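Colleague: This is the structure I want to talk about, given as structure tokens.
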Amino acid sequence: MRYIPNSAEEREAMLLEMGRKSVADLFCGIPDRLKLNRLLDLPLALSETETLNFFRDLAERNATRHTGERMVSFLGAGAYDHFIPTVIDTLISRSEFYTSYTPYQPEISQGTLQAIFEFQTMICELTGMEVSNASLYDGSTATAEAVLMADRVTNRPKVALAGNLHPEYRQVVDTYIRNAGIDEITLPFDEKTGALKLDALNSLDSDVAAVVIQSPNFFGGVEDLRAISEAAHRIGALFAVVVTEGLSLGLLQAPGHAEADIVCGEAQSFGIPMSFGGSYCGFFATTEKLMRQIPGRLVGRTSDAEGRAGYTLTLATREQHIRREKATSNICTNQGLYALMATIYLSIMGRSGLREVAELNMRKAHYAAKRIAAVGDYRLRFDAPFFNEFVVSCPKPSEVILSRLADKKIIGGLPLSRFFPEMKNEILMCVTETTTKAEIDSLVEALK
Amino acid sequence: MRYIPNSAEEREAMLLEMGRKSVADLFCGIPDRLKLNRLLDLPLALSETETLNFFRDLAERNATRHTGERMVSFLGAGAYDHFIPTVIDTLISRSEFYTSYTPYQPEISQGTLQAIFEFQTMICELTGMEVSNASLYDGSTATAEAVLMADRVTNRPKVALAGNLHPEYRQVVDTYIRNAGIDEITLPFDEKTGALKLDALNSLDSDVAAVVIQSPNFFGGVEDLRAISEAAHRIGALFAVVVTEGLSLGLLQAPGHAEADIVCGEAQSFGIPMSFGGSYCGFFATTEKLMRQIPGRLVGRTSDAEGRAGYTLTLATREQHIRREKATSNICTNQGLYALMATIYLSIMGRSGLREVAELNMRKAHYAAKRIAAVGDYRLRFDAPFFNEFVVSCPKPSEVILSRLADKKIIGGLPLSRFFPEMKNEILMCVTETTTKAEIDSLVEALK
Amino acid sequence: MIKKASVHVNQNEGLIFERSRPGRVGYKLPALDVEAAPVDLLIDPKLLRDDDLAGLPEVSEVDVVRHFTRISTWNYAVDYGMYPLGSCTMKYNPKLNERVARLEGFASSHPYTPDHLAQGNLELLMELEDALAEITGLPAVSLQPAAGAQGEMTGLMVIRKCLEARGDARKLALIPDSAHGTNPASAAVCGYKVKTIKSSANGAIDIENLRRAVNGDVAVLMLTNPSTLGMFEENIEEVCRIVHDAGGMVYMDGANMNALVGVTRPGDMGVDVIHLNLHKTFSTPHGGGGPGAGPIAVTKELEPFLPFPRVVETDDNGRRVLRLDYDRPQSIGRVRAFCGNFSVLVRALCYILTLGPEGLREATETAVLNANYIAHRLKDTYDIAFDGQPMHEVILNDKRQQKFGVHTLDIAKRLIDYGFHPMTIYFPLVAPGAMMIEPTESEGREELDLFIDAMKSIATEAEQNPELVKSAPHNTRIGRLDEAAAARKPVLRWKHTAAASSANNGE
Amino acid sequence: MIKKASVHVNQNEGLIFERSRPGRVGYKLPALDVEAAPVDLLIDPKLLRDDDLAGLPEVSEVDVVRHFTRISTWNYAVDYGMYPLGSCTMKYNPKLNERVARLEGFASSHPYTPDHLAQGNLELLMELEDALAEITGLPAVSLQPAAGAQGEMTGLMVIRKCLEARGDARKLALIPDSAHGTNPASAAVCGYKVKTIKSSANGAIDIENLRRAVNGDVAVLMLTNPSTLGMFEENIEEVCRIVHDAGGMVYMDGANMNALVGVTRPGDMGVDVIHLNLHKTFSTPHGGGGPGAGPIAVTKELEPFLPFPRVVETDDNGRRVLRLDYDRPQSIGRVRAFCGNFSVLVRALCYILTLGPEGLREATETAVLNANYIAHRLKDTYDIAFDGQPMHEVILNDKRQQKFGVHTLDIAKRLIDYGFHPMTIYFPLVAPGAMMIEPTESEGREELDLFIDAMKSIATEAEQNPELVKSAPHNTRIGRLDEAAAARKPVLRWKHTAAASSANNGE
Ligand SMILES: Cc1ncc(COP(=O)(O)O)c(C=O)c1O
Ligand SMILES: Cc1ncc(COP(=O)(O)O)c(C=O)c1O
């Protein structure tokens with residue numbers, strides 16, 4: 001087996017030196033009746049070429065721009081098709097990054113540590129917050145962690161969740177808090193704008209630990225963070241903002257500048273491939289005041305005896321390996337390498353690139369929305385300001401429309417009936433900088 | 001421009017510090033009338049995505065197994081479709097290897113130097129020779145260098161070249177020696193075997209500097225090295241063996257063991273992609289006696305003042321940067337990174353793998369030859385023993401057959417009429433370990 | 001005598017922010033091909049950023065490549081050498097896995113691609129589920145959990161939901177004192193009260209203790225097998241019986257499955273749920289902290305409670321078509337968005353298909369052999385923490401070295417000078433001064449010998465020159481860091497100050 | 001004060017052969033799917049190997065990955081930092097080029113693919129030829145030559161063939177004493193006798209010398225522009241005129257084109273042939289010694305003599321189809337098999353399309369600016385070898401440092417401790433103790449400043465502590481090597497001996 005250096009011959013020699021007769025000896029701790037005594041019923045080892053071909057064939061059975069049916073897609077809804085600079089893959093492919101462990105030994109892990117410190121800084125900059133952790137699994141679990149943290153911080157029994165929060169994020173929150181004794185309140189959204197109803201917020205009680213909202217919301221609409229923030233703070237609740245489309249932060253107000261207490265979400269838009277939904281990279285930022293309640297790892301700056309600066313994991317007393325059941329989270333392995341991807345992306349794009357790409361998204365999405373709304377019986381379902389996603393109401397059930405588009409090699413978007421049964425004619429569409437005008441125009445043609 | 005760190009602003013500041021008004025100042029050495037004074041007439045800069053798509057489109061217009069018409073190919077003739085272990089690309093993609101220069105400063109180039117030393121060793125092992133250089137451009141130029149070296153060593157006016165040497169190699173030799181005052185003799189091959197006629201060798205005079213032959217020869221046939229060697233040495237000529245299919249050395253006699261004086265050729269089969277003919281990697285090996293006449297770079301082992309072993313470029317007095325017009329060759333930049341690829345390949349395959357893959361080639365090729373020869377009016381043109389290539393005589397002109405095969409998504413091989421006008425019905429076919437039985441069988445079907 | 005390493009010149013590098021210069025750019029985007037509507041006409045300016053992103057760097061592509069290449073060289077890596085972190089299974093990460101995971105058809109595939117246009121992905125998920133079911137001997141697998149800890153949480157929730165369905169959710173999770181910290185932490189997320197049970201002298205589950213602890217309140221026993229001490233729970237069947245008899249369930253932390261794959265199966269032992277760390281046992285890279293994947297395998301009884309969606313086979317006019325099934329009324333719900341850490345799952349399946357049943361067994365056997373070889377060769381130099389037959393890892397301690405004032409931490413740091421990454425230290429907590437060494441099957445004998453030599457040499461140094469060891473490492477670009485200061489006055493992000501910009505440039 | 005670098009632990013590693021152990025394997029091939037005919041029935045055993053390949057290693061994939069990863073860390077690289085080798089143009093190698101060159105449709109394409117099935121490749125070649133023609137101002141381009149030296153040889157052969165066609169091949173190649181060694185060596189391959197012409201005091205071509213040297217025997221003048229001293233040949237037009245008037249031709253070594261692209265064109269100067277080093281000016285990687293590519297661009301008159309095949313456009317019923325044309329009766333012939341270093345050509349075109357005309361000019365300007373900045377900042381510390389306006393590189397010498405016994409070689413070696421690769425030294429030969437510094441456009445000001453600081457600091461050290469400089473480098477895994485011993489008793493390959501197997505393990 002090519003991944004195992006020691007040959008059968010060498011293994012024999014080692015056993016001999018150890019005074020053991022056979023390798024079976026070493027498994028003497030396992031009762032015989034538990035031994036499998038047969039080979040696993042799995043396919044026999046493939047050659048390298050066969051393995052590669054096996055996966056090539058599978059990959060070719062997926063429709064993307066360049067594989068399978070070769071389709072143009074207008075899907076978004078928490079996973080976005082953005083330009084990914086080539087250098088990201090080049091750099092994360094350095095084995096110093098991807099074949100190393102969590103940086104528990106700082107003297108030979110400064111590469112990873114410094115990169116995380118940079119990630120934390122960038123997340124703070126983007127969100128307008130003071131403290132960021134080193135990543136969480138994804139945007140949905142980051143949201144669940146936000147709720148759990150709010151509960152710890154405030155000790156209040158309820159949490160108010162936006163009705164236009166990504167439905168899968170909501171499902172994850174449901175799962176995570178089910179056994180935590182927290183009650184959920186769903187904040188309704190306005191039928192016309194798709195944005196949260198501010199008056200519903202004003203009727204919340206002071207037993208609410210947090211008001212958790214998403215902006216741009218699941219329908220693509222930009223929420224009025226400042227107004228919601230005030231409403232939340234008025235009742236002493238934490239204000240938590242979820243961001244599923246990180247690129248929107250290239251243009252939209254930093255939630256921290258609207259006094260958010262927690263800003264969390266998904267960093268996939270920052271150079272991470274869509275990969276059928278994972279691996280992605282959850283981020284989580286908060287205030288200095290709440291720093292010690294943050295879930296997950298933190299990297300801090302310090303120095304050695306000679307005064308040379310260095311980075312190290314810190315405030316570990318929040319974590320499970322020290323605090324066990326009292327930890328701020330059970331997370332251990334996080335999404336380190338993908339936080340690095342986001343860090344590289346944000347370095348490459350930087351101050352001007354992030355704005356430029358955000359503008360491309362917004363302008364192209366608005367062009368598309370305008371053109372679609374001008375077609376026959378199609379219209380935009382909501383009229384809130386939006387970034388790169390919008391909901392189209394179709395003259396027929398969305399499945400009918402989508403399958404018609406599919407015939408023209410277009411994946412038209414997400415049928416909202418999947419999550420909102422009443423929206424049976426509605427499609428959530430996303431347009432990014434990777435969508436060309438020609439593609440938008442052909443979508444418009446196909447809709448006609 | 002993203003590859004240029006200094007921004008316009010910084011450039012201004014630097015000019016200021018230098019007391020220069022503008023960058024144009026620095027070009028004052030160029031007479032104004034020679035200045036272009038317009039932009040080059042080239043396409044405006046593309047974005048990263050556009051560039052990638054441009055090349056993707058081009059690449060998709062080439063027929064390979066996975067692109068374009070998606071064709072199975074039986075082409076060989078100096079470029080071979082072999083299995084390439086994934087780790088090769090992983091390792092040569094380390095920027096320490098590919099973004100470094102020729103290792104003139106050994107203290108910070110030991111990685112490159114040690115790898116070349118390993119390459120030299122492996123080439124010696126494979127060829128059965130004592131000294132190998134660090135690579136030449138490709139097999140054809142290595143062959144030309146062999147002729148030039150033989151001329152230097154023997155001071156004789158003629159060189160005898162096998163008539164079944166790769167025709168493009170022969171063309172390159174023609175070009176290289178055209179101005180060197182060397183006369184060429186073509187050694188005829190046997191009409192029946194395709195191998196060299198030994199009696200023709202026996203009639204050579206002692207004004208011949210070298211007998212240069214290829215094995216397996218261009219028709220795939222294995223030559224009787226020992227017999228040719230004796231004939232060459234009898235007249236005091238050097239015996240030079242060219243190898244275009246390196247994998248054959250996994251099974252076939254090492255030319256050095258048949259007293260070859262020079263063994264050179266192409267290392268493409270050792271893990272180097274076909275890439276439309278380049279970059280490849282020429283190799284060149286000889287005896288210790290002739291060491292100081294070898295063209296190209298050599299790496300040797302030595303040590304530092306504290307006795308630590310290290311590697312360095314050596315015997316540089318043969319080379320152009322020292323000896324100028326008296327150098328053993330004009331080569332400077334060689335194929336370093338591709339020599340590294342070959343070194344990694346030979347490490348991965350190693351002793352047993354090289355033999356195993358060679359056997360796969362030979363057995364599959366023989367299976368294919370047997371099956372094809374059993375079809376109607378097809379037959380094997382030559383009856384010499386062969387490795388993985390053979391010549392098929394078709395019942396019709398090769399273009400007719402090949403275009404029929406092309407309709408079935410098969411590139412059937414090389415029409416020999418291209419180089420040997422008399423062989424108008426002949427196709428040179430190659431079968432490697434990457435060709436499956438099913439593919440061979442479908443070729444056989446398609447020939448019917 | 002340090003054989004494995006030397007010192008060599010190494011680039012300094014500040015933070016990426018310190019490379020920032022106004023006007024530098026690292027990207028080139030396509031030109032806008034639709035109308036250039038002014039942004040503030042598209043959206044109310046009060047919803048826009050007010051800070052112009054001034055905190056993000058302005059750097060060229062060259063800056064970025066140099067920056068990350070340089071800092072990468074400060075890391076140790078599996079591709080450099082042995083990385084003997086116990087419990088972490090730092091095995092070789094095959095390059096073929098990396099290539100396969102990057103295939104366009106996977107990497108560019110949107111998670112909401114309609115099922116019939118994503119059959120390749122679904123097929124892959126199903127193949128991997130089947131393989132893991134066979135390996136664990138437990139019939140139903142969920143690939144959703146993003147890492148081991150999430151696997152634990154998910155598995156416990158599945159148990160809890162099942163117990164609720166039986167009519168009694170119960171309150172307690174029993175967890176041995178030797179368990180990994182994620183075990184109690186995950187139990188807590190699940191709403192269980194944690195009750196710690198003391199291990200026996202050799203680190204195994206103490207059957208008598210267990211009997212006393214088990215009662216009608218106990219929902220689950222979480223155990224690790226081999227235990228975190230690296231030894232097989234000989235009484236595993238009885239342990240399961242005791243818990244089951246009392247109406248509870250057994251959760252197995254599968255972090256140590258590298259000792260068992262192909263040799264014995266948790267399902268056959270009586271375990272109800274196990275999580276696997278694909279980033280340990282199944283060779284997917286640790287990535288400097290993730291991502292991993294922590295699939296769980298469960299009994300038939302527990303299957304209905306697994307998170308949704310599940311991949312299911314359907315028949316479309318005789319053609320097998322896979323789809324994602326969201327309609328799972330008994331499910332615990334969703335534990336993350338979309339379908340798990342798909343890119344990790346691709347790699348794990350690639351590993352399994354590459355090794356095949358024989359290779360998987362060979363890996364297990366070699367991993368156990370390598371650990372035992374180290375134990376054998378070091379037992380005269382260091383104390384072995386627990387009696388018994390080690391499996392894939394062995395725990396030494398610093399008892400003999402303490403008398404020279406040298407502790408586990410010092411030995412670990414000194415290993416760095418010898419060219420090794422240290423072993424896991426001070427875990428498990430039940431083994432004072434633990435040095436937990438897991439070589440995995442990826443080490444050849446010569447690397448093991450170098451490690452053994454290094455450990456022996458350090459033991460000698462501890463005796464003859466303890467200061468050398470206590471002040472290690474000496475050959476790294478920075479020495480031991482003041483971690484207390486880091487926690488006391490946390491600096492968790494960069495801010496532009498004069499001080500910051502000159503730091504870490506080696507000045 | 002060394003700011004740019006520190007020392008850090010670094011892995012030792014022997015030769016791959018020393019890792020070899022019987023029975024280790026690093027590959028897995030598909031099973032034989034045809035009959036397993038015994039090899040010695042397929043072929044006469046006397047034609048088979050008799051040594052069982054015993055000299056090749058037996059190693060696992062892990063061994064191979066560790067081995068090459070470790071030794072890679074002993075190299076300096078452009079991705080680490082400034083690599084100021086004069087004449088080598090060590091610019092940044094864009095990662096996009098690397099990706100594009102690996103696209104399956106290029107990488108897996110056989111050179112004998114019928115033209116109509118390889119239109120993508122042919123299109124690419126034609127686009128690149130067109131771009132290089134525009135850049136050089138010379139209408140016809142051959143992409144065949146594998147590197148600069150082969151470009152020289154090819155270009156000279158083209159000239160010779162043309163002169164022969166004119167009826168007079170002539171005998172002499174005039175080459176300035178400042179020329180790169182490949183120039184005379186290539187002329188020699190071409191059958192020309194080399195006549196060296198002495199440069200003027202500032203390193204330019206001495207017009208009077210030239211006039212005297214030029215006569216009816218002179219086939220070609222080979223010059224480099226900017227000269228190897230980094231300065232533009234101000235009299236280039238006159239030089240060309242003198243040579244042309246005498247019936248000769250002018251060959252320009254284009255190694256220094258990074259100073260000119262987009263600013264001035266050799267074709268406009270009167271040059272007949274130029275080669276370009278794509279691995280210099282056009283950003284393709286040097287690869288630790290190659291591969292490169294050395295296309296030549298020539299005048300209309302010379303076009304018929306270019307090597308075959310040539311890419312030509314044909315019309316297939318109104319559809320543009322490209323094909324390779326082998327029927328070139330006046331051609332010098334073939335200079336290598338197949339179509340050039342195609343994978344390098346892909347990268348070069350990618351670079352040109354990425355930069356566009358403005359980017360190319362910006363690169364040139366910045367390269368020249370950076371070199372001048374260095375010259376300006378170091379001129380008070382080191383002697384500048386020649387008067388005049390430097391372009392993309394500047395040559396210093398060790399005149400001032402010699403009085404402390406410190407020489408160019410010492411300064412170069414000491415730069416290594418400062419975290420830099422040395423500059424080119426002792427070239428060109430006309431500049432005694434030359435230190436030739438070419439920063440390229442890829443360096444930002446802060447890296448230039450670090451370099452300048454390092455050079456100044458070394459100058460101070462040379463004065464105050466010359467021994468430190470003369471014994472440098474101190475921070476590398478090995479010190480200066482005994483190169484004389486290497487040449488005296490050459491060891492050019494590994495042989496299995498007891499001595500060999502323990503060496504280079506740091507012992
Ligand atoms: C025994 C044990 N259990 C659980 C875990 C947690 O797994 P993960 O880090 O994947 O969440 C670990 C990993 O560190 C472990 O070693
Ligand atoms: C001035 C000059 N001419 C010619 C060459 C030779 O080019 P190559 O190494 O590509 O053969 C070089 C490169 O070293 C050079 O610097």
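Identifiers in the structure tokens: chain A, B, ... in order shown; residue index from 1 per chain; ligand index from 1 in order shown.
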For B:Asn37, work out the shell of residues within 9 Å, counting only C-alpha atoms and skipping chain neighbours fewer than 4 positions away, then give it as a ChimeraX atom specification.
Modeller: /D:262-264
Colleague: Could you save the residues just selected, with N, CA and C atoms, as a CSV table (one decimal), in the first residue's frame?
Modeller:
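Result file part-v4.csv:
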chain,number,residue,atom,x,y,z
D,262,GLY,N,7.3,47.6,-25.0
D,262,GLY,CA,6.3,48.6,-25.0
D,262,GLY,C,6.8,50.0,-25.1
D,263,VAL,N,8.2,50.1,-25.1
D,263,VAL,CA,8.8,51.4,-25.1
D,263,VAL,C,9.5,51.6,-26.4
D,264,THR,N,10.2,50.6,-26.9
D,264,THR,CA,10.9,50.7,-28.2
D,264,THR,C,11.0,49.3,-28.7
Colleague: Around ligand 1, out to 9 Å and counting only C-alpha atoms and all ligand atoms, which residues are there? I want them as JSON, numbers by chain.
Modeller: {"A": [321, 330, 331, 332, 333, 334], "C": [86, 87, 88, 89, 146, 147, 148, 149, 150, 151, 152, 179, 180, 181, 182, 183, 224, 225, 227, 228, 253, 254, 255, 256, 275, 276, 277, 278, 279, 280, 289, 290, 291, 292, 293, 294]}
Colleague: Would you output that residue set with C-alpha atoms, as a CSV table (one decimal), in the first residue's frame?
Modeller:
chain,number,residue,atom,x,y,z
A,321,HIS,CA,-10.6,21.0,26.4
A,330,ASN,CA,-18.3,22.1,22.1
A,331,ILE,CA,-16.4,23.1,19.0
A,332,CYS,CA,-12.9,21.8,18.6
A,333,THR,CA,-11.8,21.3,15.0
A,334,ASN,CA,-13.1,24.3,13.1
C,86,GLY,CA,-1.8,11.4,20.1
C,87,SER,CA,-5.5,11.3,19.5
C,88,CYS,CA,-5.1,13.4,16.4
C,89,THR,CA,-4.0,10.7,13.9
C,146,ALA,CA,-18.8,19.1,10.3
C,147,ALA,CA,-16.3,17.6,12.8
C,148,GLY,CA,-16.0,15.2,15.6
C,149,ALA,CA,-17.6,17.4,18.2
C,150,GLN,CA,-20.6,18.1,16.0
C,151,GLY,CA,-20.8,14.3,15.4
C,152,GLU,CA,-21.0,13.9,19.2
C,179,ALA,CA,-12.7,11.5,27.9
C,180,HIS,CA,-11.9,14.3,25.5
C,181,GLY,CA,-13.3,17.7,26.4
C,182,THR,CA,-15.7,17.7,23.5
C,183,ASN,CA,-17.6,14.8,25.1
C,224,THR,CA,-13.9,6.2,23.6
C,225,ASN,CA,-12.5,2.9,22.3
C,227,SER,CA,-9.8,4.7,25.3
C,228,THR,CA,-7.9,8.0,25.2
C,253,ASP,CA,-16.2,8.5,20.3
C,254,GLY,CA,-14.6,7.1,17.2
C,255,ALA,CA,-11.5,9.4,17.3
C,256,ASN,CA,-9.4,6.4,17.8
C,275,HIS,CA,-18.8,9.3,15.2
C,276,LEU,CA,-15.8,9.0,12.9
C,277,ASN,CA,-13.3,11.8,12.4
C,278,LEU,CA,-12.6,11.6,8.7
C,279,HIS,CA,-9.8,14.1,9.3
C,280,LYS,CA,-8.1,11.5,11.5
C,289,GLY,CA,-7.4,23.4,12.5
C,290,GLY,CA,-10.1,22.2,10.0
C,291,PRO,CA,-12.2,21.6,8.2
C,292,GLY,CA,-12.9,18.0,9.1
C,293,ALA,CA,-16.0,15.9,9.0
C,294,GLY,CA,-17.6,13.8,11.8
Colleague: Let's see if you can do this: from backbone DSSP, list all strand (DSSP E) residues in stretch 320-415 of chain B, as a ChimeraX atom specification.
Modeller: /B:379-380,389-393,410-411,414-415
Colleague: Leaving out A:Leu360 and any residue of its chain fewer than 3 positions from it, which residues lie within 8 Å of it when counting only C-alpha atoms, given as a PyMOL selection string?
Modeller: (chain A and resi 356-357+363-364+432-433) or (chain C and resi 32)
Colleague: Contacts of C:Pro390 at 8 Å or less, counting only C-alpha atoms, minus same-chain residues fewer than 2 places along, as a VMD selection string?
Modeller: (chain A and resid 26) or (chain C and resid 229 to 232 368 371 to 372 388 392 to 394)
Colleague: Chain D residues within 8 Å of chain A, counting only C-alpha atoms: which ones, as a PyMOL selection string?
Modeller: chain D and resi 21-31+59-63+95-96+99
Colleague: Keeping only C-alpha atoms, write the selected residues as a PDB file, in the first residue's frame.
Modeller:
ATOM      1  CA  ARG D  21      13.909  -0.345   1.649  1.00  0.00           C
ATOM      2  CA  PRO D  22      13.122  -3.650  -0.013  1.00  0.00           C
ATOM      3  CA  GLY D  23       9.434  -4.084  -0.635  1.00  0.00           C
ATOM      4  CA  ARG D  24       8.311  -0.485  -0.357  1.00  0.00           C
ATOM      5  CA  VAL D  25       6.054   0.730  -3.174  1.00  0.00           C
ATOM      6  CA  GLY D  26       4.882   4.148  -4.188  1.00  0.00           C
ATOM      7  CA  TYR D  27       2.421   3.367  -6.963  1.00  0.00           C
ATOM      8  CA  LYS D  28      -0.642   1.383  -7.853  1.00  0.00           C
ATOM      9  CA  LEU D  29      -1.160   0.436 -11.454  1.00  0.00           C
ATOM     10  CA  PRO D  30      -4.317  -1.000 -12.961  1.00  0.00           C
ATOM     11  CA  ALA D  31      -4.396  -4.769 -13.189  1.00  0.00           C
ATOM     12  CA  VAL D  59      10.014   3.894  -1.538  1.00  0.00           C
ATOM     13  CA  SER D  60       6.440   4.677  -0.589  1.00  0.00           C
ATOM     14  CA  GLU D  61       4.470   7.693  -1.723  1.00  0.00           C
ATOM     15  CA  VAL D  62       4.922   9.176   1.742  1.00  0.00           C
ATOM     16  CA  ASP D  63       8.679   8.829   1.395  1.00  0.00           C
ATOM     17  CA  LYS D  95      -0.132  31.428 -10.628  1.00  0.00           C
ATOM     18  CA  LEU D  96      -2.783  31.824 -13.278  1.00  0.00           C
ATOM     19  CA  ARG D  99      -3.149  26.824 -13.852  1.00  0.00           C
TER      20      ARG D  99
END
Colleague: Ranking B:Ile440, B:Ala231, B:Val131, B:Met14 by minimum distance to B:Leu290 and counting only C-alpha atoms, which one comes first?
Modeller: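 Going through B:Ile440, B:Ala231, B:Val131, B:Met14 one by one, the smallest distance to B:Leu290 is for B:Val131.
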Colleague: Provide as a ChimeraX atom specification the residues of chain C at most 8 Å from chain D, counting only C-alpha atoms.
Modeller: /C:2-13,62,65-66,69-70,74,79-81,92,416-417,419,442,475-477,505-507
Colleague: Suppose you want the space between atom CA of A:Ala200 and atom CA of A:Gly221; what is it in Å?
Modeller: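 The value is 17.8 Å.
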Colleague: Pick out the closest residue to ligand 2 from this set: D:Met257, D:Leu15, D:Leu156, D:Leu42. Count only C-alpha atoms and all ligand atoms.
Modeller: D:Met257
Colleague: Can you pull out every residue from stretch 92-129 of chain B that DSSP, working from the backbone, puts in helix (DSSP H, G or I), and format the result as a list of chain:residue names?
Modeller: B:Ile92, B:Ser95, B:Glu96, B:Phe97, B:Tyr98, B:Pro106, B:Glu107, B:Ile108, B:Gln110, B:Gly111, B:Thr112, B:Leu113, B:Gln114, B:Ala115, B:Ile116, B:Phe117, B:Glu118, B:Phe119, B:Gln120, B:Thr121, B:Met122, B:Ile123, B:Cys124, B:Glu125, B:Leu126, B:Thr127
Colleague: Choose the residue, out of D:Leu481, D:Leu360, D:Val250, D:Met90, that has the smallest atom-to-atom separation from ligand 2; count only C-alpha atoms and all ligand atoms.
Modeller: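 With only C-alpha atoms and all ligand atoms as the atom set, the closest residue is D:Met90.
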Colleague: Between B:Thr328, B:Gln335, B:Asn179, B:Thr314, which residue has the minimum interatomic distance to ligand 2, considering only C-alpha atoms and all ligand atoms?
Modeller: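 Ranked by minimum distance to ligand 2, first place goes to B:Gln335.
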Colleague: Quick one: residues within 10 Å of C:Glu104, only C-alpha atoms counted, chain neighbours fewer than 2 positions away excluded, as a list of chain:residue names?
Modeller: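 Close residues of C:Glu104: A:Arg56, A:Ala59, A:Glu60, A:Asn62, A:Thr64, A:Arg65, A:His66, A:Thr67, A:Pro273, A:Ser275, C:Val100, C:Ala101, C:Arg102, C:Phe106, C:Ala107, C:Ser108, C:Ser109.
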Colleague: In Å, rounded to a single decimal, give me how far atom CA of A:Leu39 is from atom CA of C:Asn97.
Modeller: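 Distance between the two atoms: 23.4 Å.
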Colleague: C:Ile452: which residues within 9 Å, counting only C-alpha atoms, same-chain residues fewer than 5 positions away excluded, as a list in words?
Modeller: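 Close residues of C:Ile452: Ile374, Arg377, Leu378, Glu447 and Ser457 of chain C.
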